[in-house]
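*Asks:* I'd like to ask you about the structure that follows.
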Amino acid sequence: MEMLLSSFIKNPRNARYDGEDKDENIVYLFRGSFITNLGWISLTILALFVPFIASLFYPVPGKEFISPDFAFIIVLFWYLAVIGFAYHKFLIWYFNVYIVSDKKVVDIDFHGLLYKNISEAPIRNVEDVTSKVKGSLRMIFNYGYVYIQTAGSQREIEFEDVDNPAKVRDLISDFVVKLRYGR
Amino acid sequence: MGADLIIIGNFEQLLRYLFIFLEGVYVMFAFLMIKQVRLMNISFKTPAATIFRSLAQLHFLASVIVLIISLVLLL
């Protein structure tokens, strides 16, 4: 359950990513804050009630424009689509992960059905870690962005909407220092 | 009155065809979701991988069943 719903896990057991070395260990696993799911969860709950609300107004006796069979199919399909929507949204949240291992920093991104992006950089190349909280909702719930700048021409790696970005920044910085200087 | 019934009847028939087309599109979406879950499970492996795959397959199966019920009841 911890693995299923947490947005921050230290030393996750039984979790591996594609491209992980045999002697590599995941130290930190981050996801977007659970707060970011509230939008689609609310929408899903509202959508579940739509057929009940519609049934209050339809059918108006003598003014039915679709048959009961058709109405039944629409309701059936509606629930299927709502469940599909919620499941898809959950998957997108669950599999958008940011990994800090003892060798690499990895950002796995999925958006929609047709987009996948994986960025990684050696942890020893990390030069600068910045956190940013922008916007009222992010300020209230303390979630935001962490940017990891690496040496070389590689783009920075972005952790999007993670809980407590200042703490995440601190954890990563400390871990990099520990790896480099052994303290 | 009779003309109204014919118009409403044709309108419903048109809606039925559109709806079945929509369900066909949804079946494709559900199929793509199975593929995506497979890709996700490869990119990031967790103990829940089997559950995610099974749920995606169940969702696809449900979408096919709803399409079949629609074809039987609506056509």
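Lettering and numbering for the structure tokens are positional, with chains as A, B, ... in the shown order, residues counted from 1 in each chain, and ligands counted from 1 in the shown order.
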List the neighbours of region 18-32 of chain B out to 12 Å using only C-alpha atoms; skip same-chain residues closer than 4 positions along the sequence, and give me the result as a count of residues only.

*Replies:* 49

*Asks:* Write out as JSON lines the residues of chain B that have any atom within 6 Å of an atom of chain A, one row each with the nearest atom pair and its distance in Å to one decimal, counting only C-alpha atoms, sorted by chain and then rising number.

*Replies:*
{"residue": "B:Ser43", "atom": "CA", "partner": "A:Asp18", "partner_atom": "CA", "distance": 4.7}
{"residue": "B:Phe44", "atom": "CA", "partner": "A:Tyr17", "partner_atom": "CA", "distance": 4.3}
{"residue": "B:Lys45", "atom": "CA", "partner": "A:Arg16", "partner_atom": "CA", "distance": 5.0}
{"residue": "B:Thr46", "atom": "CA", "partner": "A:Ala15", "partner_atom": "CA", "distance": 4.8}

*Asks:* Could you write out, as a ChimeraX atom specification, all the residues of region 25-123 of chain A that DSSP marks as alpha helix (DSSP H)?

*Replies:* /A:38-57,68-95

*Asks:* Any idea what the distance is between CA of Ile35 (chain A) and CA of Thr150 (chain A)?

*Replies:* 28.9 Å

*Asks:* Counting only C-alpha atoms, which of A:Leu5, A:Val129, A:Ala151, A:Leu137 gets nearest to Val168 (chain A)?

*Replies:*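 For Val168 (chain A), the nearest of the given residues is A:Val129.
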
*Asks:* Which polymer residues have any atom within 10 Å of an atom of Tyr28 (chain A), counting only C-alpha atoms, with same-chain residues fewer than 4 positions away left out, as a PyMOL selection string?

*Replies:* chain A and resi 8-12+98-102+105+168+171-172+175

*Asks:* Would you export the selected residues with N, CA and C atoms as a PDB file, in the first residue's frame, please?

*Replies:*
ATOM      1  N   PHE A   8       6.559   9.829  -1.715  1.00  0.00           N
ATOM      2  CA  PHE A   8       7.977   9.826  -1.361  1.00  0.00           C
ATOM      3  C   PHE A   8       8.298   8.527  -0.628  1.00  0.00           C
ATOM      4  N   ILE A   9       9.216   7.758  -1.164  1.00  0.00           N
ATOM      5  CA  ILE A   9       9.598   6.492  -0.528  1.00  0.00           C
ATOM      6  C   ILE A   9      11.121   6.437  -0.456  1.00  0.00           C
ATOM      7  N   LYS A  10      11.613   6.132   0.731  1.00  0.00           N
ATOM      8  CA  LYS A  10      13.054   5.972   0.902  1.00  0.00           C
ATOM      9  C   LYS A  10      13.386   4.487   0.800  1.00  0.00           C
ATOM     10  N   ASN A  11      14.418   4.167   0.081  1.00  0.00           N
ATOM     11  CA  ASN A  11      14.843   2.773  -0.146  1.00  0.00           C
ATOM     12  C   ASN A  11      13.677   1.854  -0.503  1.00  0.00           C
ATOM     13  N   PRO A  12      12.990   2.113  -1.596  1.00  0.00           N
ATOM     14  CA  PRO A  12      11.832   1.255  -1.932  1.00  0.00           C
ATOM     15  C   PRO A  12      12.277  -0.179  -2.230  1.00  0.00           C
ATOM     16  N   TYR A  98      10.205   9.885 -10.176  1.00  0.00           N
ATOM     17  CA  TYR A  98      11.524  10.512 -10.164  1.00  0.00           C
ATOM     18  C   TYR A  98      12.376   9.680  -9.220  1.00  0.00           C
ATOM     19  N   ILE A  99      13.466   9.177  -9.753  1.00  0.00           N
ATOM     20  CA  ILE A  99      14.266   8.221  -8.999  1.00  0.00           C
ATOM     21  C   ILE A  99      15.660   8.788  -8.738  1.00  0.00           C
ATOM     22  N   VAL A 100      16.104   8.631  -7.503  1.00  0.00           N
ATOM     23  CA  VAL A 100      17.488   8.949  -7.177  1.00  0.00           C
ATOM     24  C   VAL A 100      18.114   7.642  -6.706  1.00  0.00           C
ATOM     25  N   SER A 101      19.075   7.153  -7.465  1.00  0.00           N
ATOM     26  CA  SER A 101      19.739   5.916  -7.059  1.00  0.00           C
ATOM     27  C   SER A 101      21.178   6.265  -6.667  1.00  0.00           C
ATOM     28  N   ASP A 102      21.932   5.257  -6.263  1.00  0.00           N
ATOM     29  CA  ASP A 102      23.322   5.557  -5.897  1.00  0.00           C
ATOM     30  C   ASP A 102      24.213   5.757  -7.125  1.00  0.00           C
ATOM     31  N   VAL A 105      20.249   9.855 -11.510  1.00  0.00           N
ATOM     32  CA  VAL A 105      18.983  10.555 -11.257  1.00  0.00           C
ATOM     33  C   VAL A 105      18.130  10.285 -12.493  1.00  0.00           C
ATOM     34  N   VAL A 168      13.166  17.837  -0.539  1.00  0.00           N
ATOM     35  CA  VAL A 168      13.675  16.982  -1.628  1.00  0.00           C
ATOM     36  C   VAL A 168      15.022  17.522  -2.116  1.00  0.00           C
ATOM     37  N   LEU A 171      17.637  16.709   0.479  1.00  0.00           N
ATOM     38  CA  LEU A 171      17.977  15.281   0.478  1.00  0.00           C
ATOM     39  C   LEU A 171      18.924  14.946  -0.672  1.00  0.00           C
ATOM     40  N   ILE A 172      18.599  15.491  -1.868  1.00  0.00           N
ATOM     41  CA  ILE A 172      19.420  15.176  -3.043  1.00  0.00           C
ATOM     42  C   ILE A 172      20.811  15.800  -2.893  1.00  0.00           C
ATOM     43  N   PHE A 175      22.840  13.908  -0.446  1.00  0.00           N
ATOM     44  CA  PHE A 175      23.215  12.599  -0.971  1.00  0.00           C
ATOM     45  C   PHE A 175      24.371  12.717  -1.970  1.00  0.00           C
TER      46      PHE A 175
END
